[in-house]
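Below is one structure; the comments refer to it alone.
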Amino acid sequence: MPPPKQKTETPDPLDVPKAVVNRLSLYLRELRHLLRAGKTTISSSELGSLLGFTDAQVRKDLAYFGHFGHPGIGYRCEELINAIRSILGTDQEWTVAMVGIGNLGRALLGYRGFVDQGFQVVAAFDSNPEKLNGQIEEVPVYHIGRLTEVVRQHNIRLGLICVPAATAQNVADRLVEAGVAGIVNFAPVTLSLPEEISSVSVDLSTELEQLSFFVANREQPR
């Protein structure tokens, strides 16, 4: 029987800096690696050192949500994993719709890590008749015209946008109208969304620009 979840104190999400939420995901990933390797407890200094953070940063991040450490022990890995999953909302199943099944969309449909994290892509959509061939990676593919019908039928709460920039806003509008509550946007464009819709943008070219900045400046003579 798994140990009981440690009680968390959930603040208003708007009061938690985005950087803190990003680090929670890193803590969770590292803790899972440690648990698989047989490590059952860890200190804040050990966890921080593995990720390049200070022990004070780790403790401060977790303190937004409660108290998880034990005197003389530190953190119990499985217990902290359960607590962070509860905070992030990944202790429940999330149904996901993907719009756009080009190269990126197909690659994401083949990624098995989504299921491990509690995200189930239950439907994919496209407007190209040639791509509407039943299923891809066991995910049913529908014409975009059926978006609202299928989203409501499966109570889909999250959407992935994998279409070109020129059509991303239209797709976002349709997802919002269909009833999704959150959107991950892979198109290189800023979306205009209602205030109540949560969104995350993933622009791979921007990430490479950030990386090139650090590499280029590190290589310059001082």
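By convention in this document, the chains of the structure tokens carry letters A, B, ... by their order, each chain's residues are numbered from 1, and ligands are numbered from 1 in the order they are shown.
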Counting only C-alpha atoms, what is within 12 Å of A:Arg76, bar same-chain residues fewer than 2 positions away, as a list of chain:residue names? A:Pro3, A:Pro4, A:Lys5, A:Gln6, A:Leu31, A:Arg32, A:Leu34, A:Leu35, A:Gly38, A:Lys39, A:Thr40, A:Thr41, A:Ile42, A:Ser43, A:Ser44, A:Leu47, A:Phe68, A:Gly69, A:His70, A:Pro71, A:Gly72, A:Ile73, A:Gly74, A:Glu78, A:Glu79, A:Leu80, A:Ile81, A:Asn82, A:Ala83
Since we have the selection now, will you write its residues out, keeping N, CA and C atoms, as a PDB file, in the first residue's frame?
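out.pdb, written as the output of this step:
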```pdb
ATOM      1  N   PRO A   3       2.339   5.002   0.685  1.00  0.00           N
ATOM      2  CA  PRO A   3       2.193   5.857   1.865  1.00  0.00           C
ATOM      3  C   PRO A   3       1.191   6.959   1.605  1.00  0.00           C
ATOM      4  N   PRO A   4       0.515   7.444   2.647  1.00  0.00           N
ATOM      5  CA  PRO A   4      -0.456   8.527   2.453  1.00  0.00           C
ATOM      6  C   PRO A   4       0.232   9.794   1.994  1.00  0.00           C
ATOM      7  N   LYS A   5      -0.485  10.583   1.199  1.00  0.00           N
ATOM      8  CA  LYS A   5       0.059  11.857   0.738  1.00  0.00           C
ATOM      9  C   LYS A   5       0.204  12.812   1.907  1.00  0.00           C
ATOM     10  N   GLN A   6       1.330  13.559   1.910  1.00  0.00           N
ATOM     11  CA  GLN A   6       1.479  14.557   2.950  1.00  0.00           C
ATOM     12  C   GLN A   6       0.605  15.756   2.619  1.00  0.00           C
ATOM     13  N   LEU A  31      13.491  13.547  -8.512  1.00  0.00           N
ATOM     14  CA  LEU A  31      13.084  12.639  -7.445  1.00  0.00           C
ATOM     15  C   LEU A  31      12.682  11.278  -7.999  1.00  0.00           C
ATOM     16  N   ARG A  32      12.049  11.264  -9.143  1.00  0.00           N
ATOM     17  CA  ARG A  32      11.664   9.986  -9.765  1.00  0.00           C
ATOM     18  C   ARG A  32      12.901   9.201 -10.168  1.00  0.00           C
ATOM     19  N   LEU A  34      15.807   9.391  -8.736  1.00  0.00           N
ATOM     20  CA  LEU A  34      16.429   8.936  -7.495  1.00  0.00           C
ATOM     21  C   LEU A  34      15.699   7.725  -6.923  1.00  0.00           C
ATOM     22  N   LEU A  35      14.356   7.772  -6.958  1.00  0.00           N
ATOM     23  CA  LEU A  35      13.583   6.667  -6.409  1.00  0.00           C
ATOM     24  C   LEU A  35      13.811   5.389  -7.216  1.00  0.00           C
ATOM     25  N   GLY A  38      16.843   3.652  -6.267  1.00  0.00           N
ATOM     26  CA  GLY A  38      16.855   3.044  -4.940  1.00  0.00           C
ATOM     27  C   GLY A  38      17.050   3.997  -3.787  1.00  0.00           C
ATOM     28  N   LYS A  39      17.114   5.302  -4.055  1.00  0.00           N
ATOM     29  CA  LYS A  39      17.304   6.283  -2.990  1.00  0.00           C
ATOM     30  C   LYS A  39      15.933   6.646  -2.415  1.00  0.00           C
ATOM     31  N   THR A  40      15.789   6.578  -1.099  1.00  0.00           N
ATOM     32  CA  THR A  40      14.482   6.794  -0.470  1.00  0.00           C
ATOM     33  C   THR A  40      14.364   8.138   0.228  1.00  0.00           C
ATOM     34  N   THR A  41      15.493   8.748   0.599  1.00  0.00           N
ATOM     35  CA  THR A  41      15.457  10.058   1.245  1.00  0.00           C
ATOM     36  C   THR A  41      16.509  10.965   0.621  1.00  0.00           C
ATOM     37  N   ILE A  42      16.288  12.278   0.758  1.00  0.00           N
ATOM     38  CA  ILE A  42      17.247  13.244   0.210  1.00  0.00           C
ATOM     39  C   ILE A  42      17.111  14.546   0.966  1.00  0.00           C
ATOM     40  N   SER A  43      18.210  15.264   1.093  1.00  0.00           N
ATOM     41  CA  SER A  43      18.188  16.570   1.756  1.00  0.00           C
ATOM     42  C   SER A  43      17.971  17.662   0.725  1.00  0.00           C
ATOM     43  N   SER A  44      17.625  18.852   1.190  1.00  0.00           N
ATOM     44  CA  SER A  44      17.442  19.983   0.275  1.00  0.00           C
ATOM     45  C   SER A  44      18.749  20.352  -0.409  1.00  0.00           C
ATOM     46  N   LEU A  47      19.337  17.704  -3.219  1.00  0.00           N
ATOM     47  CA  LEU A  47      18.432  17.909  -4.343  1.00  0.00           C
ATOM     48  C   LEU A  47      18.808  19.165  -5.110  1.00  0.00           C
ATOM     49  N   PHE A  68       7.370  19.730   4.161  1.00  0.00           N
ATOM     50  CA  PHE A  68       7.517  18.363   3.683  1.00  0.00           C
ATOM     51  C   PHE A  68       8.717  17.631   4.258  1.00  0.00           C
ATOM     52  N   GLY A  69       9.616  18.340   4.922  1.00  0.00           N
ATOM     53  CA  GLY A  69      10.818  17.707   5.441  1.00  0.00           C
ATOM     54  C   GLY A  69      10.579  17.049   6.793  1.00  0.00           C
ATOM     55  N   HIS A  70      11.524  16.177   7.178  1.00  0.00           N
ATOM     56  CA  HIS A  70      11.486  15.494   8.469  1.00  0.00           C
ATOM     57  C   HIS A  70      12.820  15.694   9.169  1.00  0.00           C
ATOM     58  N   PRO A  71      12.827  16.120  10.427  1.00  0.00           N
ATOM     59  CA  PRO A  71      14.075  16.346  11.162  1.00  0.00           C
ATOM     60  C   PRO A  71      14.966  15.101  11.155  1.00  0.00           C
ATOM     61  N   GLY A  72      16.221  15.300  10.819  1.00  0.00           N
ATOM     62  CA  GLY A  72      17.178  14.208  10.810  1.00  0.00           C
ATOM     63  C   GLY A  72      17.079  13.296   9.605  1.00  0.00           C
ATOM     64  N   ILE A  73      16.082  13.510   8.744  1.00  0.00           N
ATOM     65  CA  ILE A  73      15.878  12.651   7.571  1.00  0.00           C
ATOM     66  C   ILE A  73      15.972  13.446   6.273  1.00  0.00           C
ATOM     67  N   GLY A  74      15.391  14.623   6.263  1.00  0.00           N
ATOM     68  CA  GLY A  74      15.259  15.391   5.032  1.00  0.00           C
ATOM     69  C   GLY A  74      13.903  15.111   4.417  1.00  0.00           C
ATOM     70  N   GLU A  78       9.473   9.305  -2.085  1.00  0.00           N
ATOM     71  CA  GLU A  78       8.147   8.941  -2.571  1.00  0.00           C
ATOM     72  C   GLU A  78       7.085   9.889  -2.027  1.00  0.00           C
ATOM     73  N   GLU A  79       7.234  10.280  -0.783  1.00  0.00           N
ATOM     74  CA  GLU A  79       6.280  11.195  -0.164  1.00  0.00           C
ATOM     75  C   GLU A  79       6.293  12.550  -0.858  1.00  0.00           C
ATOM     76  N   LEU A  80       7.496  13.046  -1.169  1.00  0.00           N
ATOM     77  CA  LEU A  80       7.605  14.348  -1.829  1.00  0.00           C
ATOM     78  C   LEU A  80       7.126  14.271  -3.275  1.00  0.00           C
ATOM     79  N   ILE A  81       7.358  13.144  -3.933  1.00  0.00           N
ATOM     80  CA  ILE A  81       6.833  12.952  -5.286  1.00  0.00           C
ATOM     81  C   ILE A  81       5.312  13.063  -5.281  1.00  0.00           C
ATOM     82  N   ASN A  82       4.674  12.378  -4.342  1.00  0.00           N
ATOM     83  CA  ASN A  82       3.215  12.422  -4.259  1.00  0.00           C
ATOM     84  C   ASN A  82       2.713  13.833  -3.988  1.00  0.00           C
ATOM     85  N   ALA A  83       3.420  14.555  -3.113  1.00  0.00           N
ATOM     86  CA  ALA A  83       3.009  15.921  -2.779  1.00  0.00           C
ATOM     87  C   ALA A  83       3.140  16.846  -3.983  1.00  0.00           C
TER      88      ALA A  83
END
```
If you run DSSP on the backbone here, which positions in stretch 1-216 of chain A get alpha helix (DSSP H)? Please write them as a ChimeraX atom specification. /A:18-36,44-51,55-63,77-88,103-109,113-116,147-153,165-178,204-216
Write to file, as a CSV table (one decimal), in the first residue's frame, the residues of the selection just made, with C-alpha atoms.
```csv
chain,number,residue,atom,x,y,z
A,18,LYS,CA,6.1,30.8,-12.7
A,19,ALA,CA,9.8,30.0,-12.0
A,20,VAL,CA,8.7,28.2,-8.9
A,21,VAL,CA,6.3,26.0,-10.8
A,22,ASN,CA,9.0,25.3,-13.4
A,23,ARG,CA,11.4,24.2,-10.6
A,24,LEU,CA,8.7,21.9,-9.1
A,25,SER,CA,8.7,20.0,-12.4
A,26,LEU,CA,12.5,19.6,-12.2
A,27,TYR,CA,12.3,18.4,-8.6
A,28,LEU,CA,9.7,15.9,-9.6
A,29,ARG,CA,11.7,14.5,-12.5
A,30,GLU,CA,14.9,14.3,-10.4
A,31,LEU,CA,13.1,12.6,-7.4
A,32,ARG,CA,11.7,10.0,-9.8
A,33,HIS,CA,15.2,9.2,-11.1
A,34,LEU,CA,16.4,8.9,-7.5
A,35,LEU,CA,13.6,6.7,-6.4
A,36,ARG,CA,14.1,4.4,-9.4
A,44,SER,CA,17.4,20.0,0.3
A,45,SER,CA,21.2,20.5,-0.3
A,46,GLU,CA,21.5,17.2,-2.2
A,47,LEU,CA,18.4,17.9,-4.3
A,48,GLY,CA,19.5,21.5,-5.0
A,49,SER,CA,23.1,20.4,-5.9
A,50,LEU,CA,21.8,17.9,-8.5
A,51,LEU,CA,19.9,20.7,-10.3
A,55,ASP,CA,19.3,24.4,-0.6
A,56,ALA,CA,17.7,27.6,0.4
A,57,GLN,CA,16.0,27.8,-3.0
A,58,VAL,CA,14.6,24.3,-2.7
A,59,ARG,CA,13.2,25.0,0.8
A,60,LYS,CA,11.7,28.3,-0.3
A,61,ASP,CA,10.0,26.8,-3.3
A,62,LEU,CA,8.4,24.0,-1.3
A,63,ALA,CA,7.4,26.3,1.5
A,77,CYS,CA,11.4,10.8,-2.0
A,78,GLU,CA,8.1,8.9,-2.6
A,79,GLU,CA,6.3,11.2,-0.2
A,80,LEU,CA,7.6,14.3,-1.8
A,81,ILE,CA,6.8,13.0,-5.3
A,82,ASN,CA,3.2,12.4,-4.3
A,83,ALA,CA,3.0,15.9,-2.8
A,84,ILE,CA,4.5,17.6,-5.9
A,85,ARG,CA,2.2,15.6,-8.2
A,86,SER,CA,-0.8,16.8,-6.1
A,87,ILE,CA,0.4,20.4,-6.4
A,88,LEU,CA,1.0,20.2,-10.1
A,103,ASN,CA,5.7,16.2,-38.4
A,104,LEU,CA,5.7,17.8,-34.9
A,105,GLY,CA,2.2,16.5,-34.1
A,106,ARG,CA,3.0,13.0,-35.2
A,107,ALA,CA,6.2,13.0,-33.1
A,108,LEU,CA,4.3,14.1,-30.0
A,109,LEU,CA,1.6,11.5,-30.6
A,113,GLY,CA,6.0,10.0,-21.5
A,114,PHE,CA,2.6,11.8,-21.6
A,115,VAL,CA,0.8,8.8,-20.3
A,116,ASP,CA,3.4,8.3,-17.5
A,147,LEU,CA,-13.6,19.6,-32.7
A,148,THR,CA,-16.4,20.9,-30.5
A,149,GLU,CA,-18.4,17.6,-30.7
A,150,VAL,CA,-15.4,15.4,-29.8
A,151,VAL,CA,-14.0,17.8,-27.0
A,152,ARG,CA,-17.4,17.8,-25.3
A,153,GLN,CA,-17.9,14.0,-25.8
A,165,ALA,CA,1.6,30.4,-37.0
A,166,ALA,CA,-0.9,31.7,-39.5
A,167,THR,CA,-3.7,29.4,-38.3
A,168,ALA,CA,-2.8,29.1,-34.6
A,169,GLN,CA,-5.1,31.9,-33.4
A,170,ASN,CA,-8.1,30.4,-35.2
A,171,VAL,CA,-7.4,27.0,-33.7
A,172,ALA,CA,-7.1,28.5,-30.3
A,173,ASP,CA,-10.4,30.3,-30.6
A,174,ARG,CA,-12.0,27.0,-31.6
A,175,LEU,CA,-10.5,25.2,-28.7
A,176,VAL,CA,-11.8,27.8,-26.3
A,177,GLU,CA,-15.2,27.7,-27.8
A,178,ALA,CA,-15.2,24.0,-27.5
A,204,LEU,CA,11.8,25.8,-30.0
A,205,SER,CA,13.6,28.5,-32.0
A,206,THR,CA,13.4,30.9,-29.1
A,207,GLU,CA,14.8,28.2,-26.8
A,208,LEU,CA,17.7,27.8,-29.3
A,209,GLU,CA,18.2,31.6,-29.3
A,210,GLN,CA,18.5,31.5,-25.5
A,211,LEU,CA,21.0,28.7,-25.7
A,212,SER,CA,23.1,30.4,-28.5
A,213,PHE,CA,23.3,33.6,-26.4
A,214,PHE,CA,24.9,31.7,-23.5
A,215,VAL,CA,27.2,29.7,-25.7
A,216,ALA,CA,28.3,32.6,-27.8
```
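Restricting the calculation to only C-alpha atoms, the smallest distance between A:Ser198 and any of A:Pro129, A:Pro164, A:Thr54, A:Arg157 is found for A:Arg157.
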Can you work out which one of A:Lys131, A:Asp203, A:Tyr64, A:Val141 has the shortest atom-to-atom distance to A:Pro17, counting only C-alpha atoms? A:Tyr64
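Residue nearest A:Ile161, chosen from A:Ser201, A:Ser127, A:Ser192, A:Thr90 and counting only C-alpha atoms: A:Ser201.
Atom CA of A:Thr95 to atom CA of A:Ile136 spans 16.6 Å [interatomic distance, one decimal].
For the set A:Leu158, A:Ala124, A:Ile101, A:Ile197, the residue with the smallest atom-to-atom gap to A:Gly145 is A:Ala124, counting only C-alpha atoms.
Across the structure, atom CA of A:Gly102 and atom CA of A:Cys162 are spaced 7.6 Å apart.
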For A:Phe65, the nearest of the candidates A:Val99, A:Val184, A:Val16, A:Val202, counting only C-alpha atoms: A:Val16
List every residue of stretch 36-202 of chain A that DSSP, applied to the backbone of this structure, places in strand (DSSP E or B), and write the result as a ChimeraX atom specification. /A:41-42,70,74-76,94-99,119-126,135-136,139-143,158-161,182-185,198-201
Quick one: distance from atom CA of A:Met98 to atom CA of A:Gly159 in Å, one decimal? 5.8 Å
Go through A:Ala37, A:Ile183, A:Ile144, A:Leu160 one by one, measure the shortest atom-to-atom distance of each to A:Ser199 using only C-alpha atoms, and give the residue with the smallest value. A:Ile183
